[in-house]
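The next block is upload.tsv, given as TSV, C-alpha atoms.
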```tsv
chain	number	residue	atom	x	y	z
A	1	MET	CA	36.47	-5.47	11.34
A	2	HIS	CA	36.97	-9.20	10.96
A	3	PHE	CA	34.70	-10.06	13.89
A	4	ILE	CA	31.58	-9.31	11.85
A	5	THR	CA	30.42	-12.64	10.43
A	6	GLU	CA	29.24	-12.08	6.89
A	7	ASN	CA	27.31	-15.34	7.01
A	8	TRP	CA	25.05	-13.94	9.75
A	9	LEU	CA	24.31	-10.83	7.69
A	10	VAL	CA	23.51	-12.95	4.64
A	11	ALA	CA	21.28	-15.17	6.77
A	12	TRP	CA	19.47	-12.11	8.18
A	13	PHE	CA	18.84	-10.71	4.70
A	14	PHE	CA	17.50	-13.95	3.26
A	15	LEU	CA	15.33	-14.56	6.33
A	16	LEU	CA	13.61	-11.19	5.82
A	17	PHE	CA	13.52	-11.68	2.05
A	18	PHE	CA	11.82	-15.08	2.12
A	19	LEU	CA	9.43	-14.09	4.89
A	20	GLU	CA	8.47	-11.02	2.88
A	21	VAL	CA	7.84	-13.08	-0.25
A	22	LEU	CA	5.87	-15.65	1.72
A	23	ILE	CA	3.69	-13.15	3.59
A	24	TYR	CA	3.22	-10.57	0.83
A	25	LYS	CA	3.40	-12.85	-2.22
A	26	ASP	CA	0.28	-11.37	-3.84
A	27	ILE	CA	2.01	-7.99	-3.99
A	28	ILE	CA	5.62	-9.02	-4.48
A	29	LEU	CA	5.49	-11.74	-7.13
A	30	THR	CA	4.89	-9.43	-10.09
A	31	GLY	CA	6.91	-8.69	-13.22
A	32	LYS	CA	7.85	-5.21	-12.01
A	33	THR	CA	9.06	-6.60	-8.70
A	34	LYS	CA	11.16	-9.32	-10.28
A	35	LYS	CA	12.78	-6.70	-12.53
A	36	HIS	CA	13.64	-4.50	-9.58
A	37	TRP	CA	15.34	-7.44	-7.83
A	38	GLY	CA	17.79	-7.66	-10.76
A	39	VAL	CA	18.62	-3.95	-10.52
A	40	ASN	CA	19.10	-4.14	-6.77
A	41	VAL	CA	21.31	-7.23	-6.85
A	42	LEU	CA	23.57	-5.84	-9.60
A	43	ASN	CA	24.06	-2.59	-7.67
A	44	PHE	CA	24.83	-4.59	-4.54
A	45	ILE	CA	27.48	-6.67	-6.34
A	46	ALA	CA	29.15	-3.57	-7.80
A	47	THR	CA	29.11	-1.75	-4.46
A	48	LYS	CA	30.36	-4.84	-2.61
A	49	LEU	CA	33.36	-5.16	-4.93
A	50	VAL	CA	34.21	-1.47	-4.53
A	51	SER	CA	33.80	-1.81	-0.78
A	52	ILE	CA	36.23	-4.73	-0.56
A	53	LEU	CA	38.80	-3.15	-2.86
A	54	LEU	CA	38.60	0.48	-1.73
A	55	ILE	CA	36.19	1.46	1.02
A	56	VAL	CA	37.14	-1.04	3.73
A	57	PRO	CA	40.91	-0.39	3.35
A	58	LEU	CA	40.25	3.37	3.30
A	59	LEU	CA	38.23	3.30	6.52
A	60	SER	CA	40.78	1.02	8.18
A	61	ILE	CA	43.70	3.30	7.28
A	62	SER	CA	41.82	6.41	8.46
A	63	SER	CA	41.11	4.74	11.80
A	64	ASP	CA	44.71	3.62	12.28
A	65	ASN	CA	45.95	7.14	11.59
A	66	SER	CA	43.28	9.02	13.53
A	67	SER	CA	43.52	10.93	16.81
A	68	HIS	CA	42.34	7.76	18.70
A	69	PHE	CA	40.35	10.06	20.97
A	70	ILE	CA	37.21	7.92	21.13
A	71	SER	CA	38.99	4.61	20.56
A	72	SER	CA	41.07	5.22	23.69
A	73	LEU	CA	37.91	5.04	25.81
A	74	PRO	CA	36.53	1.75	27.19
A	75	TYR	CA	34.61	-0.33	24.63
A	76	TRP	CA	31.29	0.14	26.40
A	77	ILE	CA	31.66	3.91	25.87
A	78	SER	CA	33.62	4.16	22.62
A	79	ILE	CA	31.48	1.83	20.50
A	80	PRO	CA	28.10	3.50	21.23
A	81	ILE	CA	29.63	6.96	20.70
A	82	GLY	CA	31.27	5.85	17.46
A	83	VAL	CA	28.05	4.33	16.16
A	84	VAL	CA	26.09	7.52	16.94
A	85	LEU	CA	28.70	9.73	15.26
A	86	LEU	CA	28.81	7.58	12.12
A	87	ASP	CA	25.02	7.59	12.02
A	88	LEU	CA	25.12	11.40	12.18
A	89	SER	CA	27.59	11.31	9.28
A	90	GLY	CA	25.09	9.13	7.42
A	91	TYR	CA	22.26	11.59	8.07
A	92	ILE	CA	24.36	14.51	6.82
A	93	PHE	CA	25.44	12.68	3.69
A	94	HIS	CA	21.93	11.44	3.00
A	95	ARG	CA	20.54	14.94	3.27
A	96	LEU	CA	23.28	16.36	1.04
A	97	SER	CA	22.46	13.63	-1.48
A	98	HIS	CA	19.02	15.20	-1.85
A	99	GLU	CA	20.03	18.85	-1.67
A	100	LEU	CA	23.09	18.85	-3.96
A	101	GLU	CA	22.54	17.84	-7.58
A	102	PHE	CA	25.96	16.19	-7.97
A	103	PHE	CA	25.26	13.70	-5.17
A	104	TRP	CA	21.63	13.28	-6.22
A	105	ARG	CA	22.80	11.88	-9.58
A	106	PHE	CA	23.96	8.78	-7.73
A	107	HIS	CA	21.35	8.65	-4.97
A	108	GLU	CA	18.58	8.95	-7.55
A	109	ILE	CA	19.17	5.31	-8.49
A	110	HIS	CA	18.01	4.25	-5.04
A	111	HIS	CA	14.84	6.35	-5.34
A	112	LEU	CA	13.96	5.10	-8.81
A	113	ASP	CA	12.89	1.83	-7.20
A	114	GLU	CA	9.11	1.69	-7.57
A	115	VAL	CA	8.76	-1.30	-5.26
A	116	LEU	CA	9.86	-0.95	-1.66
A	117	ASP	CA	11.01	-4.20	-0.12
A	118	VAL	CA	13.99	-5.62	1.74
A	119	SER	CA	16.07	-5.77	-1.46
A	120	THR	CA	15.75	-1.98	-1.91
A	121	SER	CA	18.35	-1.66	0.85
A	122	LEU	CA	20.87	-3.23	-1.57
A	123	ARG	CA	20.32	-0.59	-4.26
A	124	VAL	CA	23.19	1.79	-3.55
A	125	HIS	CA	25.25	3.04	-6.47
A	126	PHE	CA	28.92	2.18	-5.96
A	127	LEU	CA	30.05	5.79	-6.44
A	128	GLU	CA	27.53	6.96	-3.84
A	129	ALA	CA	29.06	4.43	-1.43
A	130	VAL	CA	32.51	5.87	-2.11
A	131	SER	CA	31.30	9.44	-1.51
A	132	HIS	CA	29.63	8.43	1.74
A	133	ALA	CA	32.82	6.68	2.83
A	134	LEU	CA	34.82	9.87	2.28
A	135	LEU	CA	32.60	11.78	4.70
A	136	ASN	CA	32.90	8.91	7.17
A	137	VAL	CA	36.69	9.17	6.86
A	138	LEU	CA	36.51	12.77	8.09
A	139	PHE	CA	34.48	11.70	11.13
A	140	ILE	CA	36.73	8.71	11.81
A	141	TYR	CA	39.92	10.75	11.55
A	142	ALA	CA	38.62	13.75	13.52
A	143	PHE	CA	37.08	11.80	16.41
A	144	GLY	CA	39.41	8.83	16.49
A	145	ILE	CA	36.80	6.16	15.80
A	146	SER	CA	38.13	2.61	16.08
A	147	GLN	CA	37.77	-0.20	13.56
A	148	GLU	CA	35.53	-2.00	16.05
A	149	CYS	CA	33.18	1.02	16.06
A	150	ILE	CA	33.20	1.08	12.27
A	151	ALA	CA	32.35	-2.61	12.15
A	152	ALA	CA	29.61	-2.29	14.75
A	153	HIS	CA	28.08	0.61	12.82
A	154	ALA	CA	28.24	-1.33	9.54
A	155	LEU	CA	26.48	-4.26	11.17
A	156	ILE	CA	23.73	-2.20	12.80
A	157	SER	CA	23.21	-0.10	9.65
A	158	PHE	CA	22.74	-3.22	7.54
A	159	LEU	CA	20.27	-4.71	9.99
A	160	PHE	CA	18.18	-1.53	10.07
A	161	ALA	CA	18.47	-0.75	6.34
A	162	THR	CA	17.05	-4.15	5.43
A	163	TYR	CA	14.34	-3.79	8.05
A	164	HIS	CA	13.15	-0.25	7.35
A	165	HIS	CA	12.97	-0.87	3.59
A	166	SER	CA	10.82	-3.95	4.17
A	167	ARG	CA	7.03	-4.38	4.32
A	168	PHE	CA	7.05	-5.64	7.90
A	169	LYS	CA	4.88	-3.07	9.62
A	170	LEU	CA	3.87	-3.29	13.24
A	171	PRO	CA	0.54	-2.06	14.62
A	172	LEU	CA	0.46	1.71	14.22
A	173	ASN	CA	0.40	2.53	17.92
A	174	ILE	CA	3.51	0.39	18.47
A	175	GLU	CA	5.46	1.46	15.39
A	176	SER	CA	4.84	5.17	15.91
A	177	LYS	CA	6.31	4.89	19.40
A	178	LEU	CA	9.20	2.66	18.28
A	179	SER	CA	10.08	5.18	15.58
A	180	LEU	CA	10.97	7.69	18.27
A	181	LEU	CA	14.00	5.49	18.95
A	182	VAL	CA	14.88	3.70	15.70
A	183	THR	CA	13.95	3.92	12.03
A	184	THR	CA	11.01	1.70	11.06
A	185	PRO	CA	9.36	0.90	7.70
A	186	GLY	CA	6.46	3.27	8.35
A	187	PHE	CA	8.86	6.04	9.33
A	188	HIS	CA	10.94	5.56	6.18
A	189	GLU	CA	8.09	5.30	3.66
A	190	PRO	CA	7.56	9.08	3.12
A	191	HIS	CA	11.20	9.29	2.09
A	192	HIS	CA	10.44	7.11	-0.95
A	193	ASP	CA	7.35	8.98	-2.11
A	194	VAL	CA	7.31	9.93	-5.80
A	195	ASN	CA	7.09	13.65	-5.02
A	196	ILE	CA	10.36	15.34	-4.15
A	197	GLU	CA	8.74	17.63	-1.60
A	198	ASN	CA	7.84	14.51	0.36
A	199	ASN	CA	11.01	12.50	-0.09
A	200	GLN	CA	13.19	15.31	1.23
A	201	SER	CA	12.39	14.17	4.74
A	202	ASN	CA	12.95	11.30	7.20
A	203	TYR	CA	16.60	10.84	6.23
A	204	ALA	CA	17.61	8.81	9.29
A	205	PHE	CA	19.40	5.49	8.91
A	206	ILE	CA	19.35	4.17	12.48
A	207	PHE	CA	18.32	6.95	14.87
A	208	PRO	CA	15.37	9.20	13.88
A	209	VAL	CA	16.51	11.76	16.44
A	210	TRP	CA	18.41	13.57	13.67
A	211	ASP	CA	15.18	14.23	11.74
A	212	TYR	CA	13.45	15.51	14.85
A	213	MET	CA	16.49	17.60	15.79
A	214	PHE	CA	17.07	19.16	12.36
A	215	SER	CA	13.40	19.61	11.39
A	216	THR	CA	13.33	17.08	8.55
A	217	TYR	CA	10.60	14.88	10.03
A	218	HIS	CA	7.57	14.56	7.73
A	219	GLN	CA	4.46	15.61	9.62
A	220	ASP	CA	2.27	13.15	7.67
A	221	THR	CA	4.36	10.13	8.65
A	222	PHE	CA	2.02	7.23	9.55
A	223	LYS	CA	-0.99	9.29	8.38
A	224	LYS	CA	-1.26	8.40	4.67
A	225	GLU	CA	-0.29	5.95	1.93
A	226	TRP	CA	2.70	6.68	-0.28
A	227	ASP	CA	3.61	5.95	-3.90
A	228	PHE	CA	7.18	4.83	-4.43
A	229	GLY	CA	9.58	5.95	-7.15
A	230	LEU	CA	10.10	9.36	-8.73
A	231	SER	CA	7.42	11.48	-10.39
A	232	TYR	CA	9.65	12.61	-13.25
A	233	SER	CA	11.12	9.25	-14.28
A	234	ARG	CA	10.30	5.55	-14.43
A	235	ASP	CA	12.72	2.98	-13.11
A	236	VAL	CA	15.64	1.90	-15.29
A	237	GLY	CA	17.21	-1.46	-16.10
A	238	ALA	CA	20.07	-3.05	-14.21
A	239	ILE	CA	22.94	-1.98	-16.49
A	240	LYS	CA	21.55	1.53	-17.00
A	241	SER	CA	21.29	1.98	-13.24
A	242	LEU	CA	25.10	1.74	-13.08
A	243	ILE	CA	25.84	4.14	-15.94
A	244	LYS	CA	22.95	6.63	-15.72
A	245	PRO	CA	24.62	8.88	-13.09
A	246	LEU	CA	27.61	9.21	-15.40
A	247	SER	CA	25.55	10.22	-18.44
A	248	LYS	CA	24.43	13.68	-19.50
A	249	ASP	CA	20.83	13.02	-18.46
A	250	GLY	CA	21.78	11.81	-14.99
A	251	GLY	CA	20.26	13.58	-11.98
A	252	LYS	CA	17.27	15.89	-11.84
```
Please, can you express the file's structure as structure tokens?
Amino acid sequence: MHFITENWLVAWFFLLFFLEVLIYKDIILTGKTKKHWGVNVLNFIATKLVSILLIVPLLSISSDNSSHFISSLPYWISIPIGVVLLDLSGYIFHRLSHELEFFWRFHEIHHLDEVLDVSTSLRVHFLEAVSHALLNVLFIYAFGISQECIAAHALISFLFATYHHSRFKLPLNIESKLSLLVTTPGFHEPHHDVNIENNQSNYAFIFPVWDYMFSTYHQDTFKKEWDFGLSYSRDVGAIKSLIKPLSKDGGK
């Protein structure tokens, strides 16, 4: 996984971040937005530390000890297949995070964000990241997904997560067609609506095909405005966002 240059990912994030602030400064430079940046950054730091210490070694070991079925294929075949399979794993886990209360306790932190921007992609509770990694381990071990596939998926997921949480919308006729292939901001917005009946939809990370295939596409996508957050709770502070899932009042 060493061939992914972290500096390029950092540069990509800050490029989107500063462009977003520059273009949408009237909306973004508010007290609520500045508060949410603190929550998102703290969650990112905690998840990054857990990733370095636990998740990356775990995925590497599972790949080394897998069946090597897919990894034995040529790169031009194995990497696309591996990326698609790991994206399917992400769709499954994301959907379970909404349908099972235990997983929702951790995923709720992501949905408490009342401001959707590029930094929202960083707001992943570290224990949610661990749970997601465990499902990925099953896919990696069962299908023999290589470390190169894992790295490629991590790179593409980061690029799309930062993009589809951002405010950078394209003209509707273009974005609606593009969203048939990849997840876009307009496609992802219903998933962050305050009402649970709306946010249990459009789960895709990279490829929206899973939502079309498994009937979780929201029929009002691109047709209305959405309010972000959760109807039953306001957002929490940075420290509380780390401990809330572990408390008695965590979850729905």
Pick from A:Tyr203, A:Trp226, A:Phe69, A:Phe158: nearest to A:Val10, with all atoms listed in the file counted?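 Selected residue with least distance to A:Val10: A:Phe158.
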Between A:Tyr75, A:Phe187, A:Trp210, A:Tyr91, which residue has the minimum interatomic distance to A:Leu135, considering all atoms listed in the file?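 Nearest to A:Leu135: A:Tyr91.
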Which residues are near A:Asn43? Cut-off 9 Å, only C-alpha atoms, ignore same chain within fewer than 5 positions. Put them as an NGL selection string. :A and (38 or 48 or 122-126 or 238-239 or 241-242)
Output for the residues just chosen: C-alpha atoms as an mmCIF file, in the frame of the given file:
```cif
data_model
loop_
_atom_site.group_PDB
_atom_site.id
_atom_site.type_symbol
_atom_site.label_atom_id
_atom_site.label_comp_id
_atom_site.auth_asym_id
_atom_site.auth_seq_id
_atom_site.Cartn_x
_atom_site.Cartn_y
_atom_site.Cartn_z
ATOM 1 C CA GLY A 38 17.790 -7.660 -10.760
ATOM 2 C CA LYS A 48 30.360 -4.840 -2.610
ATOM 3 C CA LEU A 122 20.870 -3.230 -1.570
ATOM 4 C CA ARG A 123 20.320 -0.590 -4.260
ATOM 5 C CA VAL A 124 23.190 1.790 -3.550
ATOM 6 C CA HIS A 125 25.250 3.040 -6.470
ATOM 7 C CA PHE A 126 28.920 2.180 -5.960
ATOM 8 C CA ALA A 238 20.070 -3.050 -14.210
ATOM 9 C CA ILE A 239 22.940 -1.980 -16.490
ATOM 10 C CA SER A 241 21.290 1.980 -13.240
ATOM 11 C CA LEU A 242 25.100 1.740 -13.080
#
```
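Coordinates place atom CA of A:Leu155 at a distance of 27.1 Å from atom CA of A:Phe222.
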Could you work out how far atom CA of A:Thr183 lies from atom CA of A:Phe207, giving the answer in Å with one decimal? 6.0 Å
When you draw a straight line from atom CA of A:Glu175 to atom CA of A:Trp12, how long is it in Å?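 So the two atoms, atom CA of A:Glu175 and atom CA of A:Trp12, lie 20.8 Å apart.
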Which residues come within 9 Å of A:Tyr163, counting all atoms listed in the file, excluding same-chain residues fewer than 6 positions away, as a PyMOL selection string? chain A and resi 13+16+117-118+121+183-185
Which neighbours of A:Asn198 fall inside 12 Å, counting all atoms listed in the file, when residues of the same chain fewer than 5 positions from it are skipped, and could you give them as a PyMOL selection string? chain A and resi 98+188-193+203+216-221+224-231
Counting all atoms listed in the file, which residues come within 12 Å of (23.6, 2.6, 13.1), with the point read in the file's coordinates, and could you list them as number ranges by chain? A: 79-91, 149-161, 181-183, 204-208
Complete stretch 164-180 of chain A with N, CA, C and O atoms (output as an mmCIF file, in the coordinates of the input).
```
data_model
loop_
_atom_site.group_PDB
_atom_site.id
_atom_site.type_symbol
_atom_site.label_atom_id
_atom_site.label_comp_id
_atom_site.auth_asym_id
_atom_site.auth_seq_id
_atom_site.Cartn_x
_atom_site.Cartn_y
_atom_site.Cartn_z
ATOM 1 N N HIS A 164 14.042 -1.384 7.601
ATOM 2 C CA HIS A 164 13.150 -0.250 7.350
ATOM 3 C C HIS A 164 12.797 -0.067 5.873
ATOM 4 O O HIS A 164 11.939 0.751 5.539
ATOM 5 N N HIS A 165 13.421 -0.853 4.979
ATOM 6 C CA HIS A 165 12.970 -0.870 3.590
ATOM 7 C C HIS A 165 11.952 -1.983 3.342
ATOM 8 O O HIS A 165 11.417 -2.094 2.233
ATOM 9 N N SER A 166 11.697 -2.798 4.336
ATOM 10 C CA SER A 166 10.820 -3.950 4.170
ATOM 11 C C SER A 166 9.348 -3.571 4.341
ATOM 12 O O SER A 166 9.015 -2.428 4.662
ATOM 13 N N ARG A 167 8.478 -4.579 4.160
ATOM 14 C CA ARG A 167 7.030 -4.380 4.320
ATOM 15 C C ARG A 167 6.542 -4.774 5.703
ATOM 16 O O ARG A 167 5.338 -4.781 5.949
ATOM 17 N N PHE A 168 7.453 -5.117 6.599
ATOM 18 C CA PHE A 168 7.050 -5.640 7.900
ATOM 19 C C PHE A 168 6.639 -4.509 8.850
ATOM 20 O O PHE A 168 7.434 -4.019 9.641
ATOM 21 N N LYS A 169 5.397 -4.131 8.756
ATOM 22 C CA LYS A 169 4.880 -3.070 9.620
ATOM 23 C C LYS A 169 4.290 -3.653 10.895
ATOM 24 O O LYS A 169 3.669 -4.716 10.871
ATOM 25 N N LEU A 170 4.481 -2.934 11.961
ATOM 26 C CA LEU A 170 3.870 -3.290 13.240
ATOM 27 C C LEU A 170 2.570 -2.516 13.396
ATOM 28 O O LEU A 170 2.300 -1.584 12.625
ATOM 29 N N PRO A 171 1.726 -2.881 14.359
ATOM 30 C CA PRO A 171 0.540 -2.060 14.620
ATOM 31 C C PRO A 171 0.928 -0.598 14.810
ATOM 32 O O PRO A 171 1.967 -0.287 15.413
ATOM 33 N N LEU A 172 0.113 0.293 14.276
ATOM 34 C CA LEU A 172 0.460 1.710 14.220
ATOM 35 C C LEU A 172 0.838 2.295 15.572
ATOM 36 O O LEU A 172 1.816 3.045 15.672
ATOM 37 N N ASN A 173 0.104 1.951 16.613
ATOM 38 C CA ASN A 173 0.400 2.530 17.920
ATOM 39 C C ASN A 173 1.753 2.076 18.453
ATOM 40 O O ASN A 173 2.422 2.809 19.197
ATOM 41 N N ILE A 174 2.197 0.879 18.048
ATOM 42 C CA ILE A 174 3.510 0.390 18.470
ATOM 43 C C ILE A 174 4.614 0.998 17.616
ATOM 44 O O ILE A 174 5.613 1.500 18.120
ATOM 45 N N GLU A 175 4.409 0.967 16.279
ATOM 46 C CA GLU A 175 5.460 1.460 15.390
ATOM 47 C C GLU A 175 5.702 2.960 15.539
ATOM 48 O O GLU A 175 6.843 3.423 15.461
ATOM 49 N N SER A 176 4.667 3.724 15.751
ATOM 50 C CA SER A 176 4.840 5.170 15.910
ATOM 51 C C SER A 176 5.666 5.491 17.152
ATOM 52 O O SER A 176 6.450 6.450 17.159
ATOM 53 N N LYS A 177 5.506 4.689 18.189
ATOM 54 C CA LYS A 177 6.310 4.890 19.400
ATOM 55 C C LYS A 177 7.733 4.377 19.200
ATOM 56 O O LYS A 177 8.708 5.010 19.620
ATOM 57 N N LEU A 178 7.873 3.221 18.537
ATOM 58 C CA LEU A 178 9.200 2.660 18.280
ATOM 59 C C LEU A 178 10.029 3.595 17.407
ATOM 60 O O LEU A 178 11.251 3.706 17.577
ATOM 61 N N SER A 179 9.362 4.300 16.502
ATOM 62 C CA SER A 179 10.080 5.180 15.580
ATOM 63 C C SER A 179 10.641 6.425 16.264
ATOM 64 O O SER A 179 11.359 7.209 15.636
ATOM 65 N N LEU A 180 10.316 6.624 17.515
ATOM 66 C CA LEU A 180 10.970 7.690 18.270
ATOM 67 C C LEU A 180 12.406 7.299 18.612
ATOM 68 O O LEU A 180 13.243 8.160 18.901
#
```
